[in-house]
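run-v5.cif (mmCIF, C-alpha atoms)
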data_run
loop_
_atom_site.label_atom_id
_atom_site.label_comp_id
_atom_site.auth_asym_id
_atom_site.auth_seq_id
_atom_site.Cartn_x
_atom_site.Cartn_y
_atom_site.Cartn_z
CA MET A 1 0.00 0.00 0.00
CA ASP A 2 2.83 2.39 0.85
CA ARG A 3 4.61 1.61 -2.42
CA PHE A 4 1.49 2.56 -4.33
CA ARG A 5 0.71 5.67 -2.27
CA LYS A 6 4.25 7.03 -2.31
CA GLY A 7 5.51 5.89 -5.69
CA GLY A 8 2.42 5.09 -7.71
CA ASP A 9 3.41 1.41 -8.01
CA LYS A 10 0.26 -0.01 -9.62
CA GLU A 11 1.68 -3.53 -9.60
CA ALA A 12 1.91 -3.33 -5.80
CA LEU A 13 -1.71 -2.18 -5.62
CA GLY A 14 -2.75 -5.01 -7.93
CA THR A 15 -0.98 -7.56 -5.72
CA LEU A 16 -2.59 -6.11 -2.61
CA PHE A 17 -6.03 -6.05 -4.22
CA LEU A 18 -5.69 -9.69 -5.31
CA ARG A 19 -5.32 -10.67 -1.65
CA TYR A 20 -8.73 -9.18 -0.92
CA MET A 21 -10.51 -9.82 -4.23
CA GLU A 22 -12.50 -12.80 -2.88
CA LEU A 23 -13.72 -10.65 0.02
CA VAL A 24 -14.72 -7.86 -2.37
CA TYR A 25 -16.45 -10.32 -4.71
CA GLY A 26 -18.30 -11.90 -1.75
CA VAL A 27 -19.55 -8.52 -0.55
CA CYS A 28 -20.64 -7.57 -4.08
CA LEU A 29 -22.36 -10.91 -4.65
CA LYS A 30 -24.17 -10.64 -1.33
CA TYR A 31 -25.59 -7.20 -2.11
CA LEU A 32 -26.05 -7.45 -5.87
CA ALA A 33 -27.10 -11.14 -5.95
CA GLN A 34 -25.89 -11.66 -9.53
CA ALA A 35 -22.45 -13.01 -10.41
CA GLU A 36 -22.03 -10.80 -13.48
CA SER A 37 -23.00 -7.64 -11.62
CA ALA A 38 -20.68 -8.60 -8.76
CA GLN A 39 -17.77 -9.14 -11.16
CA ASP A 40 -18.38 -5.76 -12.78
CA ALA A 41 -18.54 -4.14 -9.35
CA VAL A 42 -15.20 -5.71 -8.35
CA MET A 43 -13.55 -4.09 -11.36
CA ASP A 44 -15.23 -0.75 -10.62
CA ILE A 45 -14.01 -0.93 -7.02
CA TYR A 46 -10.45 -1.61 -8.16
CA GLU A 47 -10.58 1.47 -10.38
CA HIS A 48 -12.09 3.47 -7.51
CA ILE A 49 -9.35 2.55 -5.04
CA ASN A 50 -6.74 3.21 -7.71
CA ARG A 51 -7.96 6.83 -7.74
CA LYS A 52 -8.92 7.30 -4.09
CA LEU A 53 -6.29 5.45 -2.05
CA PRO A 54 -3.66 8.19 -2.44
CA GLU A 55 -6.15 10.71 -1.02
CA HIS A 56 -6.95 8.79 2.18
CA GLU A 57 -5.00 7.83 5.27
CA VAL A 58 -5.76 4.12 5.46
CA GLU A 59 -4.54 2.24 8.50
CA ASN A 60 -6.40 -1.02 7.88
CA PHE A 61 -6.65 -1.68 4.15
CA GLY A 62 -8.97 -4.69 4.53
CA ALA A 63 -11.53 -2.81 6.63
CA TRP A 64 -11.33 0.26 4.37
CA LEU A 65 -11.74 -1.88 1.25
CA TYR A 66 -14.73 -3.67 2.81
CA MET A 67 -16.47 -0.33 3.48
CA VAL A 68 -15.64 0.98 -0.01
CA SER A 69 -17.06 -2.24 -1.49
CA LYS A 70 -20.20 -2.17 0.59
CA ASN A 71 -20.84 1.52 -0.12
CA HIS A 72 -20.27 0.96 -3.84
CA CYS A 73 -22.83 -1.86 -3.91
CA LEU A 74 -25.36 0.13 -1.91
CA GLN A 75 -24.96 3.04 -4.33
CA LEU A 76 -25.57 0.67 -7.25
CA LEU A 77 -28.70 -0.68 -5.57
CA ARG A 78 -29.97 2.80 -4.80
CA LYS A 79 -29.46 3.86 -8.40
CA LYS A 80 -31.00 0.67 -9.75
CA ASN A 81 -34.06 0.76 -7.54
CA ASN A 82 -34.18 4.52 -7.11
CA LEU A 83 -34.25 3.64 -3.43
CA LEU A 84 -34.20 6.44 -0.90
CA THR A 85 -34.58 5.23 2.65
CA VAL A 86 -33.73 6.76 5.97
CA SER A 87 -33.02 4.46 8.86
CA LEU A 88 -33.08 6.32 12.14
CA ASP A 89 -32.59 3.19 14.21
CA ASP A 90 -30.02 1.21 12.26
CA PRO A 91 -28.63 -1.56 14.47
CA GLY A 92 -25.92 -2.24 11.91
CA MET A 93 -24.35 1.14 12.58
CA GLN A 94 -24.77 0.83 16.32
CA ASN A 95 -22.99 -2.47 16.80
CA GLY A 96 -20.95 -2.90 13.64
CA ARG A 97 -22.93 -5.79 12.15
CA GLU A 98 -23.60 -5.64 8.45
CA LEU A 99 -26.41 -3.47 7.19
CA HIS A 100 -29.11 -4.97 5.02
CA LEU A 101 -31.50 -2.76 3.13
CA GLU A 102 -34.48 -4.65 4.47
CA ASP A 103 -33.38 -3.69 8.03
CA ASP A 104 -34.26 -0.06 7.34
CA GLY A 105 -37.20 0.87 9.50
CA PHE A 106 -37.79 4.46 8.51
CA ASP A 107 -38.41 5.37 4.90
CA LEU A 108 -39.46 8.50 3.11
CA ASP A 109 -42.93 7.16 2.33
CA MET A 110 -44.02 8.39 5.78
CA SER A 111 -46.79 10.73 6.76
CA GLU A 112 -46.47 14.45 6.15
CA ASP A 113 -46.45 15.06 9.91
CA VAL A 114 -43.46 12.79 10.42
CA MET A 115 -41.69 14.31 7.40
CA ASP A 116 -42.27 17.78 8.83
CA GLN A 117 -40.92 16.62 12.18
CA LEU A 118 -37.91 15.06 10.45
CA HIS A 119 -37.06 18.30 8.64
CA LEU A 120 -37.53 20.41 11.78
CA CYS A 121 -35.36 18.05 13.78
CA LEU A 122 -32.74 17.95 11.03
CA GLU A 123 -32.36 21.72 11.30
CA GLN A 124 -31.71 21.37 15.05
CA LEU A 125 -28.74 19.01 14.61
CA PRO A 126 -25.17 20.20 15.05
CA GLU A 127 -23.84 21.32 11.65
CA LYS A 128 -21.53 18.35 10.97
CA GLN A 129 -24.25 15.82 11.86
CA LYS A 130 -26.75 17.64 9.66
CA ILE A 131 -24.38 17.74 6.69
CA CYS A 132 -23.42 14.06 7.02
CA ILE A 133 -27.05 12.94 7.39
CA GLN A 134 -28.16 15.02 4.40
CA MET A 135 -25.34 13.76 2.19
CA PHE A 136 -25.74 10.10 3.17
CA TYR A 137 -29.52 9.76 3.15
CA PHE A 138 -30.84 12.50 0.91
CA GLU A 139 -28.01 12.76 -1.61
CA LYS A 140 -27.26 9.00 -1.47
CA ARG A 141 -23.52 9.57 -1.12
CA SER A 142 -21.10 6.97 0.20
CA TYR A 143 -19.01 7.40 3.33
CA ALA A 144 -15.93 7.85 1.13
CA ASP A 145 -17.65 10.61 -0.85
CA ILE A 146 -18.72 12.36 2.36
CA CYS A 147 -15.15 12.14 3.70
CA GLU A 148 -13.87 13.74 0.54
CA ALA A 149 -16.49 16.50 0.47
CA THR A 150 -16.28 17.40 4.16
CA GLN A 151 -12.60 16.66 4.80
CA LEU A 152 -13.70 14.58 7.81
CA SER A 153 -12.14 11.21 8.62
CA MET A 154 -14.12 8.02 8.05
CA ASP A 155 -14.56 7.64 11.83
CA ASN A 156 -15.88 11.21 12.12
CA VAL A 157 -18.35 10.66 9.28
CA ARG A 158 -19.59 7.41 10.85
CA SER A 159 -19.87 9.08 14.24
CA ASN A 160 -21.74 12.10 12.85
CA ILE A 161 -24.21 9.87 10.99
CA GLN A 162 -24.72 7.61 14.01
CA ASN A 163 -25.12 10.50 16.46
CA GLY A 164 -27.26 12.46 14.02
CA ARG A 165 -29.56 9.50 13.51
CA ARG A 166 -29.87 8.99 17.26
CA ASN A 167 -30.58 12.70 17.80
CA LEU A 168 -33.17 12.73 15.00
CA LYS A 169 -34.92 9.72 16.47
CA LYS A 170 -35.05 11.30 19.94
CA CYS A 171 -36.28 14.60 18.54
CA ILE A 172 -39.03 12.97 16.46
CA GLN A 173 -40.14 10.79 19.37
CA THR A 174 -40.29 13.85 21.62
CA LYS A 175 -42.33 15.78 19.05
CA GLN A 176 -44.70 12.83 18.62
CA GLN A 177 -45.16 12.47 22.38
CA LEU A 178 -45.85 16.18 22.71
CA GLY A 179 -48.26 16.02 19.78
CA SER A 180 -50.17 13.03 21.12
CA GLY A 181 -50.32 14.63 24.59
CA ASN A 182 -52.11 17.63 23.10
CA ASP A 183 -54.82 15.40 21.64
CA ILE A 184 -55.83 13.92 25.00
#

In structure tokens, what does this structure look like?
Amino acid sequence: MDRFRKGGDKEALGTLFLRYMELVYGVCLKYLAQAESAQDAVMDIYEHINRKLPEHEVENFGAWLYMVSKNHCLQLLRKKNNLLTVSLDDPGMQNGRELHLEDDGFDLDMSEDVMDQLHLCLEQLPEKQKICIQMFYFEKRSYADICEATQLSMDNVRSNIQNGRRNLKKCIQTKQQLGSGNDI
């Protein structure tokens, strides 16, 4: 990895990527469910890391590559299905287990009241949380893209999304409790 980052040694990157190619293919196959699509995604991911690795401080290449692969596949699925979901209680982000699209419990096909509450609560978030939430859920951007756009580290982006989601959920629940208390 250092040989590639410092000297542009593409052969070194190719050798490193080959070590993880089965992992990348497995992630892609899991999310995309078609061998041909997964193979295409693996090649896209290789091209992506070829461009992006020099721009990022990567301490654990395997973990970074896993997240890049997962985010790439999720972006493909979002584009394919025009899927825009917001999960305010995502256990995958809370405990590190893998996220599955069907785990999302909060989508944008919700009532106008809840949507209004969501937008009001979004405006109350600290600026970094608000930006990360908007980019990830509403603009459908990957963690890597958010890191690049905000100049935040991957850990900071994850933390801002996780904390923002938790704060949104609390805010919406509070607004709903206050609203239902007024009806009694």

Inset, instruction - Please provide as number ranges by chain all residues within 9 Å of segment 32-35 of chain A, with the sequence filter that same-chain residues fewer than 5 positions apart are discarded (counting all atoms listed in the file). - result: A: 25, 27, 40-41, 73-74, 76-77

Export of prior selection with C-alpha atoms as a JSON list (two decimals), in the frame of the given file:
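This went into result_36.json:
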[["chain", "number", "residue", "atom", "x", "y", "z"],
["A", 25, "TYR", "CA", -16.45, -10.32, -4.71],
["A", 27, "VAL", "CA", -19.55, -8.52, -0.55],
["A", 40, "ASP", "CA", -18.38, -5.76, -12.78],
["A", 41, "ALA", "CA", -18.54, -4.14, -9.35],
["A", 73, "CYS", "CA", -22.83, -1.86, -3.91],
["A", 74, "LEU", "CA", -25.36, 0.13, -1.91],
["A", 76, "LEU", "CA", -25.57, 0.67, -7.25],
["A", 77, "LEU", "CA", -28.70, -0.68, -5.57]]

Inset, instruction - Could you please determine the separation between atom CA of Arg141 of chain A and atom CA of Cys171 of chain A in Å, to one decimal place? - result: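 About the pair atom CA of Arg141 of chain A and atom CA of Cys171 of chain A: they are 24.0 Å apart.
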
Inset, instruction - For atom CA of Gln173 of chain A and atom CA of Ile146 of chain A, quote the distance in Å rounded to one decimal. - result: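 So the two atoms, atom CA of Gln173 of chain A and atom CA of Ile146 of chain A, lie 27.4 Å apart.
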
Identify all residues satisfying the PyMOL selection byres ((chain A and resi 127-132) around 7) in the given file; provide them as a PDB file with C-alpha atoms, keeping the file's coordinate frame.
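Full text of result-v4.pdb as output:
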ATOM      1  CA  LEU A 122     -32.740  17.950  11.030  1.00  0.00           C
ATOM      2  CA  LEU A 125     -28.740  19.010  14.610  1.00  0.00           C
ATOM      3  CA  PRO A 126     -25.170  20.200  15.050  1.00  0.00           C
ATOM      4  CA  ILE A 133     -27.050  12.940   7.390  1.00  0.00           C
ATOM      5  CA  GLN A 134     -28.160  15.020   4.400  1.00  0.00           C
ATOM      6  CA  MET A 135     -25.340  13.760   2.190  1.00  0.00           C
ATOM      7  CA  PHE A 136     -25.740  10.100   3.170  1.00  0.00           C
ATOM      8  CA  ILE A 146     -18.720  12.360   2.360  1.00  0.00           C
ATOM      9  CA  VAL A 157     -18.350  10.660   9.280  1.00  0.00           C
ATOM     10  CA  ASN A 160     -21.740  12.100  12.850  1.00  0.00           C
ATOM     11  CA  ILE A 161     -24.210   9.870  10.990  1.00  0.00           C
ATOM     12  CA  GLY A 164     -27.260  12.460  14.020  1.00  0.00           C
TER      13      GLY A 164
END

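Among the candidates A:Lys140, A:Ser37, A:Gln117, A:Arg166, the one nearest to Lys79 of chain A when counting all atoms listed in the file is A:Lys140.
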
Legend entry - Arg5 of chain A environment, 9 Å, all atoms listed in the file, sequence neighbours closer than 6 positions dropped, as a count of residues only: 4

Inset, instruction - In the coordinates of the file, take the point (-14.4, -12.6, 2.5) and a cut-off of 12 Å; then, counting all atoms listed in the file, name each qualifying protein, DNA or RNA residue as a PyMOL selection string. - result: chain A and resi 19-30+62-63+65-66+69

Legend entry - Coordinates-based distance that separates atom CA of Asp155 of chain A from atom CA of Tyr143 of chain A (Å, one decimal): 9.6 Å

Legend entry - Nearest residue to Leu152 of chain A from the set A:Lys175, A:Gly7, A:His56, A:Val68 (distances using all atoms listed in the file): A:His56

Legend entry - Selection near Asp44 of chain A, 9 Å with all atoms listed in the file, sequence-local residues under 5 positions removed, as a list in words: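 Listing them by chain and then by number gives Gln39, Ile49 and His72 of chain A.
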
Inset, instruction - Kindly indicate which residue among A:Leu178, A:Val42, A:Leu18, A:Leu168 lies nearest to Gln124 of chain A, using all atoms listed in the file for the distances. - result: A:Leu168

Legend entry - From A:Asn163, A:Phe17, A:Tyr31, A:Lys52, residue lying nearest Glu148 of chain A [all atoms listed in the file]: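 With all atoms listed in the file as the atom set, the closest residue is A:Lys52.
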
Inset, instruction - Point out the residue among A:Asn60, A:Arg3, A:Leu16, A:Cys147 with the least atom-to-atom distance to Ser159 of chain A, counting all atoms listed in the file. - result: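 Ranking A:Asn60, A:Arg3, A:Leu16, A:Cys147 by distance to Ser159 of chain A, first place goes to A:Cys147.
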
Would you fill out segment 2-13 of chain A with all heavy atoms and return it as a PDB file, in the coordinates of the input?
ATOM      1  N   ASP A   2       1.928   1.248   0.812  1.00  0.00           N
ATOM      2  CA  ASP A   2       2.830   2.390   0.850  1.00  0.00           C
ATOM      3  C   ASP A   2       3.546   2.598  -0.482  1.00  0.00           C
ATOM      4  O   ASP A   2       3.739   3.729  -0.914  1.00  0.00           O
ATOM      5  CB  ASP A   2       3.862   2.235   1.972  1.00  0.00           C
ATOM      6  CG  ASP A   2       3.252   2.433   3.348  1.00  0.00           C
ATOM      7  OD1 ASP A   2       2.183   3.069   3.437  1.00  0.00           O
ATOM      8  OD2 ASP A   2       3.835   1.936   4.328  1.00  0.00           O
ATOM      9  N   ARG A   3       3.934   1.487  -1.120  1.00  0.00           N
ATOM     10  CA  ARG A   3       4.610   1.610  -2.420  1.00  0.00           C
ATOM     11  C   ARG A   3       3.690   2.266  -3.449  1.00  0.00           C
ATOM     12  O   ARG A   3       4.133   3.073  -4.255  1.00  0.00           O
ATOM     13  CB  ARG A   3       5.078   0.231  -2.919  1.00  0.00           C
ATOM     14  CG  ARG A   3       6.286  -0.258  -2.176  1.00  0.00           C
ATOM     15  CD  ARG A   3       6.907  -1.539  -2.669  1.00  0.00           C
ATOM     16  NE  ARG A   3       6.459  -2.077  -3.919  1.00  0.00           N
ATOM     17  CZ  ARG A   3       6.314  -3.369  -4.146  1.00  0.00           C
ATOM     18  NH1 ARG A   3       6.567  -4.254  -3.208  1.00  0.00           N
ATOM     19  NH2 ARG A   3       5.920  -3.798  -5.331  1.00  0.00           N
ATOM     20  N   PHE A   4       2.433   1.943  -3.400  1.00  0.00           N
ATOM     21  CA  PHE A   4       1.490   2.560  -4.330  1.00  0.00           C
ATOM     22  C   PHE A   4       1.269   4.032  -3.979  1.00  0.00           C
ATOM     23  O   PHE A   4       1.304   4.904  -4.836  1.00  0.00           O
ATOM     24  CB  PHE A   4       0.158   1.821  -4.343  1.00  0.00           C
ATOM     25  CG  PHE A   4      -0.892   2.521  -5.166  1.00  0.00           C
ATOM     26  CD1 PHE A   4      -0.818   2.528  -6.550  1.00  0.00           C
ATOM     27  CD2 PHE A   4      -1.936   3.190  -4.558  1.00  0.00           C
ATOM     28  CE1 PHE A   4      -1.765   3.181  -7.321  1.00  0.00           C
ATOM     29  CE2 PHE A   4      -2.896   3.853  -5.310  1.00  0.00           C
ATOM     30  CZ  PHE A   4      -2.804   3.844  -6.692  1.00  0.00           C
ATOM     31  N   ARG A   5       1.024   4.307  -2.693  1.00  0.00           N
ATOM     32  CA  ARG A   5       0.710   5.670  -2.270  1.00  0.00           C
ATOM     33  C   ARG A   5       1.876   6.617  -2.479  1.00  0.00           C
ATOM     34  O   ARG A   5       1.692   7.758  -2.864  1.00  0.00           O
ATOM     35  CB  ARG A   5       0.277   5.690  -0.809  1.00  0.00           C
ATOM     36  CG  ARG A   5      -1.080   4.990  -0.626  1.00  0.00           C
ATOM     37  CD  ARG A   5      -1.618   5.107   0.754  1.00  0.00           C
ATOM     38  NE  ARG A   5      -2.121   6.470   0.875  1.00  0.00           N
ATOM     39  CZ  ARG A   5      -2.043   7.180   1.986  1.00  0.00           C
ATOM     40  NH1 ARG A   5      -1.515   6.671   3.052  1.00  0.00           N
ATOM     41  NH2 ARG A   5      -2.514   8.396   2.037  1.00  0.00           N
ATOM     42  N   LYS A   6       3.086   6.139  -2.209  1.00  0.00           N
ATOM     43  CA  LYS A   6       4.250   7.030  -2.310  1.00  0.00           C
ATOM     44  C   LYS A   6       4.838   7.074  -3.711  1.00  0.00           C
ATOM     45  O   LYS A   6       5.285   8.121  -4.149  1.00  0.00           O
ATOM     46  CB  LYS A   6       5.313   6.596  -1.303  1.00  0.00           C
ATOM     47  CG  LYS A   6       4.887   6.838   0.131  1.00  0.00           C
ATOM     48  CD  LYS A   6       5.913   6.356   1.114  1.00  0.00           C
ATOM     49  CE  LYS A   6       5.387   6.562   2.537  1.00  0.00           C
ATOM     50  NZ  LYS A   6       6.237   5.943   3.534  1.00  0.00           N
ATOM     51  N   GLY A   7       4.844   5.928  -4.393  1.00  0.00           N
ATOM     52  CA  GLY A   7       5.510   5.890  -5.690  1.00  0.00           C
ATOM     53  C   GLY A   7       4.614   5.593  -6.865  1.00  0.00           C
ATOM     54  O   GLY A   7       5.085   5.514  -8.004  1.00  0.00           O
ATOM     55  N   GLY A   8       3.342   5.380  -6.622  1.00  0.00           N
ATOM     56  CA  GLY A   8       2.420   5.090  -7.710  1.00  0.00           C
ATOM     57  C   GLY A   8       2.611   3.701  -8.318  1.00  0.00           C
ATOM     58  O   GLY A   8       2.244   3.478  -9.471  1.00  0.00           O
ATOM     59  N   ASP A   9       3.148   2.775  -7.537  1.00  0.00           N
ATOM     60  CA  ASP A   9       3.410   1.410  -8.010  1.00  0.00           C
ATOM     61  C   ASP A   9       2.091   0.651  -8.152  1.00  0.00           C
ATOM     62  O   ASP A   9       1.564   0.083  -7.195  1.00  0.00           O
ATOM     63  CB  ASP A   9       4.348   0.707  -7.037  1.00  0.00           C
ATOM     64  CG  ASP A   9       4.803  -0.659  -7.520  1.00  0.00           C
ATOM     65  OD1 ASP A   9       4.206  -1.195  -8.480  1.00  0.00           O
ATOM     66  OD2 ASP A   9       5.755  -1.196  -6.923  1.00  0.00           O
ATOM     67  N   LYS A  10       1.555   0.633  -9.373  1.00  0.00           N
ATOM     68  CA  LYS A  10       0.260  -0.010  -9.620  1.00  0.00           C
ATOM     69  C   LYS A  10       0.346  -1.525  -9.501  1.00  0.00           C
ATOM     70  O   LYS A  10      -0.635  -2.181  -9.178  1.00  0.00           O
ATOM     71  CB  LYS A  10      -0.284   0.395 -10.987  1.00  0.00           C
ATOM     72  CG  LYS A  10      -0.686   1.858 -11.007  1.00  0.00           C
ATOM     73  CD  LYS A  10      -1.377   2.248 -12.271  1.00  0.00           C
ATOM     74  CE  LYS A  10      -1.738   3.721 -12.182  1.00  0.00           C
ATOM     75  NZ  LYS A  10      -2.700   4.119 -13.150  1.00  0.00           N
ATOM     76  N   GLU A  11       1.513  -2.083  -9.758  1.00  0.00           N
ATOM     77  CA  GLU A  11       1.680  -3.530  -9.600  1.00  0.00           C
ATOM     78  C   GLU A  11       1.529  -3.914  -8.123  1.00  0.00           C
ATOM     79  O   GLU A  11       0.914  -4.924  -7.800  1.00  0.00           O
ATOM     80  CB  GLU A  11       3.049  -3.963 -10.124  1.00  0.00           C
ATOM     81  CG  GLU A  11       3.216  -5.474 -10.152  1.00  0.00           C
ATOM     82  CD  GLU A  11       4.537  -5.884 -10.771  1.00  0.00           C
ATOM     83  OE1 GLU A  11       4.938  -5.283 -11.785  1.00  0.00           O
ATOM     84  OE2 GLU A  11       5.142  -6.831 -10.235  1.00  0.00           O
ATOM     85  N   ALA A  12       2.055  -3.081  -7.235  1.00  0.00           N
ATOM     86  CA  ALA A  12       1.910  -3.330  -5.800  1.00  0.00           C
ATOM     87  C   ALA A  12       0.444  -3.261  -5.386  1.00  0.00           C
ATOM     88  O   ALA A  12      -0.023  -4.093  -4.603  1.00  0.00           O
ATOM     89  CB  ALA A  12       2.741  -2.323  -4.998  1.00  0.00           C
ATOM     90  N   LEU A  13      -0.282  -2.279  -5.923  1.00  0.00           N
ATOM     91  CA  LEU A  13      -1.710  -2.180  -5.620  1.00  0.00           C
ATOM     92  C   LEU A  13      -2.456  -3.395  -6.146  1.00  0.00           C
ATOM     93  O   LEU A  13      -3.327  -3.937  -5.461  1.00  0.00           O
ATOM     94  CB  LEU A  13      -2.312  -0.898  -6.197  1.00  0.00           C
ATOM     95  CG  LEU A  13      -3.814  -0.718  -5.948  1.00  0.00           C
ATOM     96  CD1 LEU A  13      -4.104  -0.587  -4.456  1.00  0.00           C
ATOM     97  CD2 LEU A  13      -4.340   0.489  -6.694  1.00  0.00           C
TER      98      LEU A  13
END
